[in-house]
file entry.tsv (TSV, C-alpha atoms)
chain	number	residue	atom	x	y	z
A	1	MET	CA	68.82	77.78	28.21
A	2	ALA	CA	66.08	79.13	26.01
A	3	GLU	CA	66.85	79.21	22.36
A	4	ILE	CA	69.14	82.17	21.59
A	5	GLY	CA	68.06	84.48	18.83
A	6	LYS	CA	64.33	83.90	19.00
A	7	ILE	CA	62.74	87.16	17.87
A	8	ARG	CA	59.35	88.80	18.16
A	9	ILE	CA	58.64	92.14	16.48
A	10	ARG	CA	55.31	93.84	16.96
A	11	ILE	CA	53.81	96.79	15.09
A	12	PRO	CA	50.23	98.11	15.20
A	13	ASP	CA	47.63	96.31	13.07
A	14	ALA	CA	46.20	99.36	11.35
A	15	ILE	CA	48.68	101.95	10.15
A	16	LYS	CA	47.82	105.17	8.37
A	17	LYS	CA	50.35	106.76	6.07
A	18	GLY	CA	52.46	109.22	8.02
A	19	ASP	CA	51.66	107.74	11.45
A	20	VAL	CA	54.50	107.56	13.91
A	21	ILE	CA	54.19	103.96	15.06
A	22	PRO	CA	55.76	102.08	17.98
A	23	VAL	CA	57.89	99.08	17.10
A	24	LYS	CA	58.34	96.61	19.95
A	25	ALA	CA	61.05	94.02	19.56
A	26	LEU	CA	62.12	91.18	21.81
A	27	ILE	CA	65.08	88.85	21.27
A	28	THR	CA	66.07	85.88	23.39
A	29	HIS	CA	69.68	86.31	24.45
A	30	PRO	CA	71.52	85.66	27.76
A	31	MET	CA	73.36	89.02	27.78
A	32	GLU	CA	76.06	87.53	30.03
A	33	THR	CA	78.04	90.19	31.85
A	34	GLY	CA	81.24	88.18	32.29
A	35	MET	CA	80.93	88.83	36.04
A	36	ARG	CA	78.87	85.78	36.89
A	37	LYS	CA	80.13	82.35	37.88
A	38	ASP	CA	78.64	78.97	37.10
A	39	LYS	CA	77.85	76.34	39.76
A	40	ALA	CA	81.43	75.04	39.65
A	41	GLY	CA	82.73	78.54	40.36
A	42	LYS	CA	84.06	79.05	36.85
A	43	PRO	CA	83.48	82.52	35.40
A	44	ILE	CA	80.85	82.59	32.65
A	45	PRO	CA	82.38	84.48	29.71
A	46	GLU	CA	80.65	87.62	28.56
A	47	HIS	CA	78.17	87.05	25.77
A	48	TYR	CA	76.04	90.00	24.79
A	49	ILE	CA	74.48	91.84	21.89
A	50	ASN	CA	76.56	94.91	21.15
A	51	ASP	CA	75.07	96.16	17.90
A	52	VAL	CA	71.50	96.63	16.67
A	53	LYS	CA	70.53	98.10	13.34
A	54	VAL	CA	67.10	98.97	11.97
A	55	TYR	CA	66.46	99.32	8.25
A	56	TYR	CA	63.26	100.74	6.75
A	57	GLY	CA	63.34	99.81	3.08
A	58	ASN	CA	66.96	100.47	2.13
A	59	ASP	CA	67.56	103.14	4.73
A	60	LEU	CA	69.40	102.57	7.97
A	61	ILE	CA	67.14	104.55	10.31
A	62	THR	CA	68.35	103.56	13.79
A	63	SER	CA	71.52	102.02	15.11
A	64	MET	CA	72.32	101.11	18.67
A	65	ASP	CA	75.43	100.26	20.70
A	66	TRP	CA	74.63	98.05	23.61
A	67	THR	CA	76.77	97.01	26.58
A	68	ILE	CA	76.41	94.17	29.08
A	69	ALA	CA	74.05	96.42	31.06
A	70	VAL	CA	71.12	95.82	28.72
A	71	SER	CA	68.91	93.19	30.41
A	72	ALA	CA	68.81	89.55	29.32
A	73	ASP	CA	66.26	88.84	26.59
A	74	PRO	CA	66.45	92.46	25.46
A	75	PHE	CA	63.14	94.18	24.88
A	76	MET	CA	62.97	97.59	23.27
A	77	THR	CA	60.45	100.01	21.87
A	78	PHE	CA	61.34	102.65	19.32
A	79	TYR	CA	59.33	104.62	16.74
A	80	VAL	CA	59.11	104.77	12.97
A	81	LYS	CA	57.35	107.27	10.76
A	82	ALA	CA	55.32	105.02	8.48
A	83	ASP	CA	55.48	107.07	5.31
A	84	LYS	CA	55.99	104.24	2.83
A	85	ALA	CA	55.16	100.58	2.22
A	86	ALA	CA	58.44	98.85	2.93
A	87	PRO	CA	59.96	96.10	5.04
A	88	LEU	CA	61.34	97.00	8.45
A	89	ARG	CA	64.36	94.84	9.19
A	90	ILE	CA	66.09	94.60	12.56
A	91	VAL	CA	69.56	93.05	12.83
A	92	TRP	CA	71.15	92.15	16.17
A	93	LYS	CA	74.84	91.19	16.45
A	94	ASP	CA	76.59	89.78	19.52
A	95	ASN	CA	80.20	89.87	20.71
A	96	LYS	CA	80.75	86.28	19.57
A	97	GLY	CA	79.96	87.22	15.99
A	98	ALA	CA	76.43	85.81	15.76
A	99	THR	CA	73.85	87.73	13.74
A	100	PHE	CA	70.09	87.51	14.26
A	101	GLU	CA	67.50	89.27	12.14
A	102	ASP	CA	63.84	89.48	11.36
A	103	THR	CA	61.61	91.59	9.13
A	104	VAL	CA	58.07	92.93	9.35
A	105	GLN	CA	56.23	94.59	6.51
A	106	ILE	CA	54.90	98.10	7.07
A	107	ASN	CA	51.88	98.70	4.85
A	108	PRO	CA	50.34	102.10	5.57
A	109	GLN	CA	46.78	102.57	4.31
B	1	MET	CA	85.40	91.58	101.43
B	2	LYS	CA	88.27	93.52	99.97
B	3	GLU	CA	89.20	90.60	97.87
B	4	ILE	CA	85.75	90.33	96.47
B	5	GLU	CA	85.72	94.03	95.73
B	6	LEU	CA	89.02	93.71	93.95
B	7	SER	CA	87.86	90.84	91.91
B	8	ARG	CA	84.75	92.80	91.07
B	9	ARG	CA	86.92	95.69	89.89
B	10	GLN	CA	89.05	93.23	88.06
B	11	PHE	CA	85.95	91.89	86.41
B	12	ILE	CA	84.78	95.34	85.36
B	13	LYS	CA	88.25	96.13	84.02
B	14	THR	CA	88.37	92.91	82.08
B	15	ALA	CA	84.88	93.42	80.78
B	16	GLY	CA	85.80	96.96	79.75
B	17	ALA	CA	88.88	95.75	77.96
B	18	THR	CA	86.87	93.10	76.20
B	19	CYS	CA	84.40	95.71	75.08
B	20	VAL	CA	87.21	97.86	73.70
B	21	ALA	CA	88.69	94.82	71.99
B	22	LEU	CA	85.33	93.91	70.48
B	23	SER	CA	84.76	97.41	69.24
B	24	VAL	CA	88.22	97.36	67.65
B	25	VAL	CA	87.22	94.15	65.89
B	26	GLY	CA	84.09	96.00	64.92
B	27	ILE	CA	86.15	98.78	63.42
B	28	ILE	CA	88.36	96.45	61.41
B	29	PRO	CA	85.71	95.54	58.83
B	30	GLY	CA	85.07	99.26	58.62
B	31	ILE	CA	88.72	99.75	57.72
B	32	PHE	CA	88.68	96.95	55.16
B	33	LYS	CA	85.44	97.95	53.51
B	34	PRO	CA	86.68	101.11	51.78
B	35	ALA	CA	89.64	99.13	50.43
B	36	LEU	CA	87.28	96.54	48.95
B	37	ALA	CA	85.01	99.23	47.59
B	38	ALA	CA	87.99	100.90	45.92
B	39	GLU	CA	88.90	97.62	44.30
B	40	GLU	CA	85.36	97.26	42.96
B	41	LYS	CA	85.06	100.87	41.96
B	42	GLY	CA	84.27	101.25	38.31
B	43	GLU	CA	84.38	104.19	36.01
B	44	ASP	CA	83.13	107.47	37.35
B	45	ILE	CA	80.18	108.96	35.46
B	46	LYS	CA	82.05	112.27	35.19
B	47	ASP	CA	84.89	110.58	33.33
B	48	VAL	CA	82.46	108.77	31.04
B	49	LEU	CA	80.62	111.99	30.20
B	50	LYS	CA	83.94	113.70	29.57
B	51	LYS	CA	84.93	110.89	27.22
B	52	HIS	CA	81.64	111.13	25.31
B	53	PHE	CA	81.14	114.89	25.25
B	54	GLY	CA	84.41	116.54	26.22
B	55	ASP	CA	83.81	119.92	27.81
B	56	ARG	CA	80.58	120.59	25.91
B	57	LYS	CA	77.78	122.09	27.94
B	58	ILE	CA	74.93	119.71	28.79
B	59	GLU	CA	71.68	121.53	29.46
B	60	THR	CA	68.71	120.31	31.45
B	61	GLY	CA	65.29	119.93	29.84
B	62	HIS	CA	63.75	118.58	26.64
B	63	VAL	CA	64.35	115.04	27.84
B	64	ASP	CA	62.57	112.97	30.43
B	65	ILE	CA	63.16	109.55	31.95
B	66	LYS	CA	60.34	107.31	33.05
B	67	ALA	CA	61.64	104.73	35.51
B	68	PRO	CA	60.38	102.97	38.62
B	69	ILE	CA	61.19	104.76	41.90
B	70	ILE	CA	61.98	101.37	43.38
B	71	ALA	CA	63.20	98.52	41.17
B	72	GLU	CA	62.83	95.24	42.99
B	73	ASN	CA	65.07	93.43	40.54
B	74	GLY	CA	68.15	95.30	39.35
B	75	ALA	CA	68.52	92.82	36.49
B	76	VAL	CA	65.45	94.21	34.76
B	77	VAL	CA	64.79	97.92	35.20
B	78	PRO	CA	62.43	99.29	32.56
B	79	LEU	CA	63.33	102.76	31.31
B	80	THR	CA	61.60	105.02	28.84
B	81	ILE	CA	63.42	108.06	27.54
B	82	ILE	CA	61.33	110.72	25.86
B	83	SER	CA	62.40	113.94	24.24
B	84	ASP	CA	60.09	116.66	22.95
B	85	LEU	CA	62.73	117.92	20.54
B	86	PRO	CA	61.80	117.99	16.83
B	87	MET	CA	62.58	115.15	14.42
B	88	THR	CA	62.70	117.11	11.17
B	89	PRO	CA	65.43	116.66	8.54
B	90	GLY	CA	67.13	119.92	9.53
B	91	ASP	CA	66.86	119.51	13.28
B	92	TYR	CA	66.55	116.19	15.04
B	93	VAL	CA	67.74	114.08	17.94
B	94	LYS	CA	70.77	112.30	16.60
B	95	LYS	CA	71.59	110.12	19.58
B	96	ILE	CA	70.27	109.09	22.97
B	97	TYR	CA	72.87	108.00	25.53
B	98	VAL	CA	71.79	105.93	28.54
B	99	TYR	CA	73.80	105.63	31.76
B	100	ALA	CA	73.36	103.79	35.06
B	101	GLU	CA	75.72	105.70	37.31
B	102	GLY	CA	76.22	102.97	39.93
B	103	ASN	CA	77.34	100.33	37.44
B	104	LEU	CA	81.04	99.50	37.13
B	105	ASN	CA	80.74	100.67	33.54
B	106	PRO	CA	78.04	103.34	33.66
B	107	TYR	CA	77.49	103.44	29.89
B	108	VAL	CA	74.48	101.24	29.10
B	109	ALA	CA	73.57	102.04	25.52
B	110	GLY	CA	73.75	104.60	22.77
B	111	VAL	CA	70.92	104.85	20.26
B	112	ALA	CA	71.42	106.78	17.03
B	113	LEU	CA	68.20	108.07	15.53
B	114	THR	CA	67.19	109.76	12.28
B	115	PRO	CA	64.18	111.88	11.26
B	116	ALA	CA	62.62	108.63	9.95
B	117	ASN	CA	61.98	107.66	13.58
B	118	GLY	CA	59.32	110.37	13.77
B	119	LYS	CA	59.86	110.93	17.48
B	120	ALA	CA	62.71	110.65	19.92
B	121	GLU	CA	61.45	108.04	22.31
B	122	LEU	CA	63.05	104.80	23.39
B	123	ALA	CA	62.17	102.11	25.88
B	124	LEU	CA	64.77	99.62	27.07
B	125	ARG	CA	65.22	97.30	30.03
B	126	ILE	CA	68.55	97.70	31.75
B	127	LYS	CA	70.62	96.18	34.54
B	128	MET	CA	71.47	98.20	37.63
B	129	ARG	CA	74.07	96.98	40.10
B	130	LYS	CA	72.79	99.13	42.96
B	131	THR	CA	70.68	102.13	43.88
B	132	SER	CA	71.88	105.06	41.80
B	133	ASN	CA	70.95	107.68	39.27
B	134	VAL	CA	70.05	106.83	35.74
B	135	ARG	CA	70.93	109.51	33.25
B	136	ALA	CA	69.88	110.13	29.68
B	137	VAL	CA	71.71	112.55	27.42
B	138	VAL	CA	70.33	113.48	24.01
B	139	GLU	CA	72.45	115.00	21.29
B	140	THR	CA	70.78	117.00	18.53
B	141	SER	CA	71.89	117.23	14.91
B	142	LYS	CA	72.77	120.85	15.65
B	143	GLY	CA	75.17	119.69	18.35
B	144	ASN	CA	73.18	120.64	21.45
B	145	LEU	CA	73.15	118.35	24.48
B	146	TYR	CA	70.31	117.91	26.97
B	147	GLN	CA	70.02	115.59	29.91
B	148	ALA	CA	67.69	114.15	32.51
B	149	ILE	CA	68.63	112.38	35.73
B	150	LYS	CA	66.46	110.13	37.84
B	151	SER	CA	67.20	108.21	41.01
B	152	VAL	CA	66.22	104.54	41.08
B	153	LYS	CA	66.32	102.50	44.28
B	154	VAL	CA	67.44	98.94	43.60
B	155	THR	CA	66.49	96.25	46.09
B	156	ILE	CA	68.45	93.37	44.51
B	157	GLY	CA	71.43	94.27	42.31
B	158	GLY	CA	71.50	92.87	38.83
B	159	CYS	CA	75.01	92.70	37.48
B	160	GLY	CA	76.71	89.62	38.70
B	161	GLY	CA	77.04	86.54	40.80
call {"tool": "encode", "arguments": {"input": "entry.tsv", "output": "structure tokens"}}
result
Amino acid sequence: MAEIGKIRIRIPDAIKKGDVIPVKALITHPMETGMRKDKAGKPIPEHYINDVKVYYGNDLITSMDWTIAVSADPFMTFYVKADKAAPLRIVWKDNKGATFEDTVQINPQ
Amino acid sequence: MKEIELSRRQFIKTAGATCVALSVVGIIPGIFKPALAAEEKGEDIKDVLKKHFGDRKIETGHVDIKAPIIAENGAVVPLTIISDLPMTPGDYVKKIYVYAEGNLNPYVAGVALTPANGKAELALRIKMRKTSNVRAVVETSKGNLYQAIKSVKVTIGGCGG
């Protein structure tokens, strides 16, 4: 399996102060439903990200509950109003207690 | 001659009986199918909506779903949910709820937003077990609910083994 927790976050190159910018984020994760079986017929236990939080500077600006019905290697796009120079931090947590996070710096001109 | 005729009748009778028997066999899976379906039946979307919103009125409008009409792979169905509602400190979209009505558990995700998001738009790839409606409900900070529903045809289901 591909390495779990590999993250890519993308924001536009040039950002003007006050722009509403798209943030695209991809994380490698199996998002196992618990309904699948392995080759030996044994059920594969559910293993999925159930909590995502986005911080802009110190503020929690977006928080998500996910279920098993979010696709494997979850990819999302959401928006941020770039009104300050601050880090944007995304934190993913899965049902087995693992935490994955990454940060990009938003520097509006 | 009579004998032959009889045996011919006999043959037709037998053939007829066989046909009836075969069609009964044909019916049997039909009888078993609903039982299986009931066993597999998940939560009904109505119950899920009731759990999330009680008896609150959900209006149509102010939210739109972009989704493929036909999704070849139910394991990866790209959705974009867009609302034209304001995102100002006094009046904003507080949460977007996403449902795939044909899934055993129709609730896919809930996304809580703040005015710092600037606009209420979200793209996510979801799994769909079979052809069904996808539904997005947005809840505003003032407590209003709006929804959009879109049918997505799924060629290969994406939830399990």
call {"tool": "interface_residues", "arguments": {"input": "entry.tsv", "of": "chain B", "to": "chain A", "cutoff": "9 Å", "atoms": "all atoms listed in the file", "output": "PyMOL selection string"}}
result
chain B and resi 75-77+80+100+103+105-128+158-161
call {"tool": "residues_near_point", "arguments": {"input": "entry.tsv", "point": "(74.1, 91.9, 23.2)", "cutoff": "6 Å", "atoms": "only C-alpha atoms", "output": "ChimeraX atom specification"}}
result
/A:31,48-50,94
call {"tool": "closest_residue", "arguments": {"input": "entry.tsv", "among": "A:Pro12, A:Lys96, A:Ile27, A:Ile90", "to": "Pro45 (chain A)", "atoms": "all atoms listed in the file"}}
result
A:Lys96
call {"tool": "residues_around", "arguments": {"input": "entry.tsv", "residues": "Ala14 (chain A)", "least_positions_apart": "5", "cutoff": "9 Å", "atoms": "all atoms listed in the file", "output": "count of residues only"}}
result
3
call {"tool": "atom_distance", "arguments": {"input": "entry.tsv", "atom1": "CA of Asn73 (chain B)", "atom2": "CA of Glu101 (chain B)"}}
result
16.6 Å
call {"tool": "atom_distance", "arguments": {"input": "entry.tsv", "atom1": "CA of Tyr55 (chain A)", "atom2": "CA of Val91 (chain A)"}}
result
8.4 Å
call {"tool": "closest_residue", "arguments": {"input": "entry.tsv", "among": "A:His47, A:Arg89, A:Arg8, A:His29", "to": "Ile106 (chain A)", "atoms": "only C-alpha atoms"}}
result
A:Arg89
call {"tool": "residues_near_point", "arguments": {"input": "entry.tsv", "point": "(65.9, 119.4, 29.5)", "cutoff": "10 Å", "atoms": "all atoms listed in the file", "output": "count of residues only"}}
result
17
call {"tool": "axis_aligned_box", "arguments": {"input": "entry.tsv", "around": "region 46-58 of chain B", "padding_each_side": "4 Å", "output": "JSON"}}
result
{"center_x": 79.9, "center_y": 115.4, "center_z": 30.2, "size_x": 18.0, "size_y": 21.3, "size_z": 17.9}
call {"tool": "atom_distance", "arguments": {"input": "entry.tsv", "atom1": "CA of Pro68 (chain B)", "atom2": "CA of Val152 (chain B)"}}
result
6.5 Å
call {"tool": "residues_around", "arguments": {"input": "entry.tsv", "residues": "Thr28 (chain A)", "least_positions_apart": "4", "cutoff": "6 Å", "atoms": "all atoms listed in the file", "output": "ChimeraX atom specification"}}
result
/A:4-6,73
call {"tool": "residues_around", "arguments": {"input": "entry.tsv", "residues": "Gln105 (chain A)", "least_positions_apart": "5", "cutoff": "9 Å", "atoms": "only C-alpha atoms", "output": "PyMOL selection string"}}
result
chain A and resi 85-89
call {"tool": "closest_residue", "arguments": {"input": "entry.tsv", "among": "B:Ile81, B:Ala71, B:Ala136, B:Ile65", "to": "Tyr97 (chain B)", "atoms": "all atoms listed in the file"}}
result
B:Ala136
call {"tool": "decode", "arguments": {"input": "entry.tsv", "residues": "region 54-96 of chain B", "atoms": "N, CA and C atoms", "output": "PDB file, in the first residue's frame"}}
result
ATOM      1  N   GLY B  54     -34.363  17.335  12.766  1.00  0.00           N
ATOM      2  CA  GLY B  54     -35.668  17.249  13.418  1.00  0.00           C
ATOM      3  C   GLY B  54     -36.777  17.551  12.431  1.00  0.00           C
ATOM      4  N   ASP B  55     -37.717  18.369  12.828  1.00  0.00           N
ATOM      5  CA  ASP B  55     -38.840  18.689  11.945  1.00  0.00           C
ATOM      6  C   ASP B  55     -38.657  20.044  11.269  1.00  0.00           C
ATOM      7  N   ARG B  56     -37.433  20.571  11.319  1.00  0.00           N
ATOM      8  CA  ARG B  56     -37.189  21.882  10.701  1.00  0.00           C
ATOM      9  C   ARG B  56     -37.421  21.828   9.195  1.00  0.00           C
ATOM     10  N   LYS B  57     -37.910  22.945   8.696  1.00  0.00           N
ATOM     11  CA  LYS B  57     -38.226  23.013   7.265  1.00  0.00           C
ATOM     12  C   LYS B  57     -36.938  23.165   6.457  1.00  0.00           C
ATOM     13  N   ILE B  58     -36.797  22.368   5.419  1.00  0.00           N
ATOM     14  CA  ILE B  58     -35.645  22.482   4.521  1.00  0.00           C
ATOM     15  C   ILE B  58     -36.148  23.037   3.193  1.00  0.00           C
ATOM     16  N   GLU B  59     -35.663  24.229   2.846  1.00  0.00           N
ATOM     17  CA  GLU B  59     -36.106  24.856   1.611  1.00  0.00           C
ATOM     18  C   GLU B  59     -35.203  24.467   0.442  1.00  0.00           C
ATOM     19  N   THR B  60     -35.718  24.676  -0.747  1.00  0.00           N
ATOM     20  CA  THR B  60     -34.915  24.422  -1.952  1.00  0.00           C
ATOM     21  C   THR B  60     -34.323  25.741  -2.418  1.00  0.00           C
ATOM     22  N   GLY B  61     -33.130  25.680  -2.994  1.00  0.00           N
ATOM     23  CA  GLY B  61     -32.502  26.888  -3.528  1.00  0.00           C
ATOM     24  C   GLY B  61     -31.280  27.281  -2.735  1.00  0.00           C
ATOM     25  N   HIS B  62     -30.531  28.228  -3.277  1.00  0.00           N
ATOM     26  CA  HIS B  62     -29.309  28.754  -2.657  1.00  0.00           C
ATOM     27  C   HIS B  62     -28.199  27.726  -2.499  1.00  0.00           C
ATOM     28  N   VAL B  63     -28.403  26.545  -3.011  1.00  0.00           N
ATOM     29  CA  VAL B  63     -27.333  25.545  -2.992  1.00  0.00           C
ATOM     30  C   VAL B  63     -27.436  24.705  -4.255  1.00  0.00           C
ATOM     31  N   ASP B  64     -26.292  24.359  -4.790  1.00  0.00           N
ATOM     32  CA  ASP B  64     -26.245  23.611  -6.033  1.00  0.00           C
ATOM     33  C   ASP B  64     -25.198  22.501  -5.918  1.00  0.00           C
ATOM     34  N   ILE B  65     -25.478  21.388  -6.559  1.00  0.00           N
ATOM     35  CA  ILE B  65     -24.515  20.283  -6.576  1.00  0.00           C
ATOM     36  C   ILE B  65     -24.027  20.086  -8.000  1.00  0.00           C
ATOM     37  N   LYS B  66     -22.714  20.067  -8.166  1.00  0.00           N
ATOM     38  CA  LYS B  66     -22.158  19.675  -9.457  1.00  0.00           C
ATOM     39  C   LYS B  66     -21.665  18.245  -9.297  1.00  0.00           C
ATOM     40  N   ALA B  67     -22.208  17.359 -10.130  1.00  0.00           N
ATOM     41  CA  ALA B  67     -21.822  15.948 -10.055  1.00  0.00           C
ATOM     42  C   ALA B  67     -21.963  15.348 -11.439  1.00  0.00           C
ATOM     43  N   PRO B  68     -21.237  14.270 -11.722  1.00  0.00           N
ATOM     44  CA  PRO B  68     -21.420  13.639 -13.031  1.00  0.00           C
ATOM     45  C   PRO B  68     -22.810  13.018 -13.118  1.00  0.00           C
ATOM     46  N   ILE B  69     -23.409  13.019 -14.308  1.00  0.00           N
ATOM     47  CA  ILE B  69     -24.710  12.364 -14.506  1.00  0.00           C
ATOM     48  C   ILE B  69     -24.508  10.861 -14.396  1.00  0.00           C
ATOM     49  N   ILE B  70     -23.406  10.397 -14.978  1.00  0.00           N
ATOM     50  CA  ILE B  70     -23.054   8.978 -14.879  1.00  0.00           C
ATOM     51  C   ILE B  70     -21.664   8.879 -14.261  1.00  0.00           C
ATOM     52  N   ALA B  71     -21.550   8.153 -13.159  1.00  0.00           N
ATOM     53  CA  ALA B  71     -20.253   7.923 -12.538  1.00  0.00           C
ATOM     54  C   ALA B  71     -19.852   6.498 -12.866  1.00  0.00           C
ATOM     55  N   GLU B  72     -18.779   6.342 -13.615  1.00  0.00           N
ATOM     56  CA  GLU B  72     -18.395   4.988 -14.008  1.00  0.00           C
ATOM     57  C   GLU B  72     -17.917   4.192 -12.815  1.00  0.00           C
ATOM     58  N   ASN B  73     -17.230   4.866 -11.905  1.00  0.00           N
ATOM     59  CA  ASN B  73     -16.687   4.195 -10.733  1.00  0.00           C
ATOM     60  C   ASN B  73     -17.283   4.803  -9.464  1.00  0.00           C
ATOM     61  N   GLY B  74     -18.142   4.012  -8.812  1.00  0.00           N
ATOM     62  CA  GLY B  74     -18.805   4.500  -7.600  1.00  0.00           C
ATOM     63  C   GLY B  74     -17.848   4.768  -6.455  1.00  0.00           C
ATOM     64  N   ALA B  75     -16.616   4.274  -6.559  1.00  0.00           N
ATOM     65  CA  ALA B  75     -15.644   4.490  -5.483  1.00  0.00           C
ATOM     66  C   ALA B  75     -15.108   5.916  -5.485  1.00  0.00           C
ATOM     67  N   VAL B  76     -15.219   6.583  -6.617  1.00  0.00           N
ATOM     68  CA  VAL B  76     -14.704   7.953  -6.719  1.00  0.00           C
ATOM     69  C   VAL B  76     -15.689   8.804  -7.522  1.00  0.00           C
ATOM     70  N   VAL B  77     -16.593   9.445  -6.824  1.00  0.00           N
ATOM     71  CA  VAL B  77     -17.558  10.317  -7.483  1.00  0.00           C
ATOM     72  C   VAL B  77     -17.269  11.756  -7.046  1.00  0.00           C
ATOM     73  N   PRO B  78     -16.788  12.576  -7.977  1.00  0.00           N
ATOM     74  CA  PRO B  78     -16.449  13.947  -7.583  1.00  0.00           C
ATOM     75  C   PRO B  78     -17.697  14.820  -7.438  1.00  0.00           C
ATOM     76  N   LEU B  79     -17.808  15.480  -6.314  1.00  0.00           N
ATOM     77  CA  LEU B  79     -18.936  16.381  -6.065  1.00  0.00           C
ATOM     78  C   LEU B  79     -18.410  17.774  -5.780  1.00  0.00           C
ATOM     79  N   THR B  80     -19.124  18.778  -6.246  1.00  0.00           N
ATOM     80  CA  THR B  80     -18.859  20.143  -5.797  1.00  0.00           C
ATOM     81  C   THR B  80     -20.176  20.718  -5.309  1.00  0.00           C
ATOM     82  N   ILE B  81     -20.144  21.273  -4.121  1.00  0.00           N
ATOM     83  CA  ILE B  81     -21.344  21.868  -3.547  1.00  0.00           C
ATOM     84  C   ILE B  81     -21.096  23.365  -3.415  1.00  0.00           C
ATOM     85  N   ILE B  82     -21.983  24.138  -4.001  1.00  0.00           N
ATOM     86  CA  ILE B  82     -21.806  25.588  -4.046  1.00  0.00           C
ATOM     87  C   ILE B  82     -23.057  26.258  -3.505  1.00  0.00           C
ATOM     88  N   SER B  83     -22.858  27.221  -2.635  1.00  0.00           N
ATOM     89  CA  SER B  83     -23.987  28.011  -2.170  1.00  0.00           C
ATOM     90  C   SER B  83     -23.716  29.480  -2.453  1.00  0.00           C
ATOM     91  N   ASP B  84     -24.763  30.201  -2.839  1.00  0.00           N
ATOM     92  CA  ASP B  84     -24.601  31.643  -3.097  1.00  0.00           C
ATOM     93  C   ASP B  84     -24.954  32.462  -1.859  1.00  0.00           C
ATOM     94  N   LEU B  85     -25.135  31.808  -0.739  1.00  0.00           N
ATOM     95  CA  LEU B  85     -25.489  32.524   0.484  1.00  0.00           C
ATOM     96  C   LEU B  85     -24.277  33.318   0.992  1.00  0.00           C
ATOM     97  N   PRO B  86     -24.521  34.414   1.701  1.00  0.00           N
ATOM     98  CA  PRO B  86     -23.411  35.259   2.159  1.00  0.00           C
ATOM     99  C   PRO B  86     -22.512  34.553   3.180  1.00  0.00           C
ATOM    100  N   MET B  87     -21.281  35.053   3.280  1.00  0.00           N
ATOM    101  CA  MET B  87     -20.337  34.551   4.288  1.00  0.00           C
ATOM    102  C   MET B  87     -19.822  35.753   5.091  1.00  0.00           C
ATOM    103  N   THR B  88     -20.738  36.489   5.661  1.00  0.00           N
ATOM    104  CA  THR B  88     -20.379  37.646   6.485  1.00  0.00           C
ATOM    105  C   THR B  88     -20.501  37.247   7.956  1.00  0.00           C
ATOM    106  N   PRO B  89     -19.825  37.969   8.855  1.00  0.00           N
ATOM    107  CA  PRO B  89     -19.847  37.560  10.260  1.00  0.00           C
ATOM    108  C   PRO B  89     -21.257  37.398  10.843  1.00  0.00           C
ATOM    109  N   GLY B  90     -22.200  38.208  10.380  1.00  0.00           N
ATOM    110  CA  GLY B  90     -23.551  38.119  10.948  1.00  0.00           C
ATOM    111  C   GLY B  90     -24.455  37.107  10.270  1.00  0.00           C
ATOM    112  N   ASP B  91     -24.036  36.624   9.122  1.00  0.00           N
ATOM    113  CA  ASP B  91     -24.909  35.758   8.323  1.00  0.00           C
ATOM    114  C   ASP B  91     -24.045  34.906   7.399  1.00  0.00           C
ATOM    115  N   TYR B  92     -23.899  33.656   7.743  1.00  0.00           N
ATOM    116  CA  TYR B  92     -23.015  32.808   6.932  1.00  0.00           C
ATOM    117  C   TYR B  92     -23.485  31.359   6.933  1.00  0.00           C
ATOM    118  N   VAL B  93     -22.926  30.591   6.009  1.00  0.00           N
ATOM    119  CA  VAL B  93     -23.212  29.158   5.964  1.00  0.00           C
ATOM    120  C   VAL B  93     -22.350  28.484   7.025  1.00  0.00           C
ATOM    121  N   LYS B  94     -23.032  27.905   7.985  1.00  0.00           N
ATOM    122  CA  LYS B  94     -22.371  27.322   9.145  1.00  0.00           C
ATOM    123  C   LYS B  94     -21.939  25.883   8.866  1.00  0.00           C
ATOM    124  N   LYS B  95     -22.739  25.172   8.085  1.00  0.00           N
ATOM    125  CA  LYS B  95     -22.403  23.770   7.838  1.00  0.00           C
ATOM    126  C   LYS B  95     -22.998  23.262   6.527  1.00  0.00           C
ATOM    127  N   ILE B  96     -22.211  22.456   5.849  1.00  0.00           N
ATOM    128  CA  ILE B  96     -22.682  21.764   4.643  1.00  0.00           C
ATOM    129  C   ILE B  96     -22.738  20.274   4.971  1.00  0.00           C
TER     130      ILE B  96
END
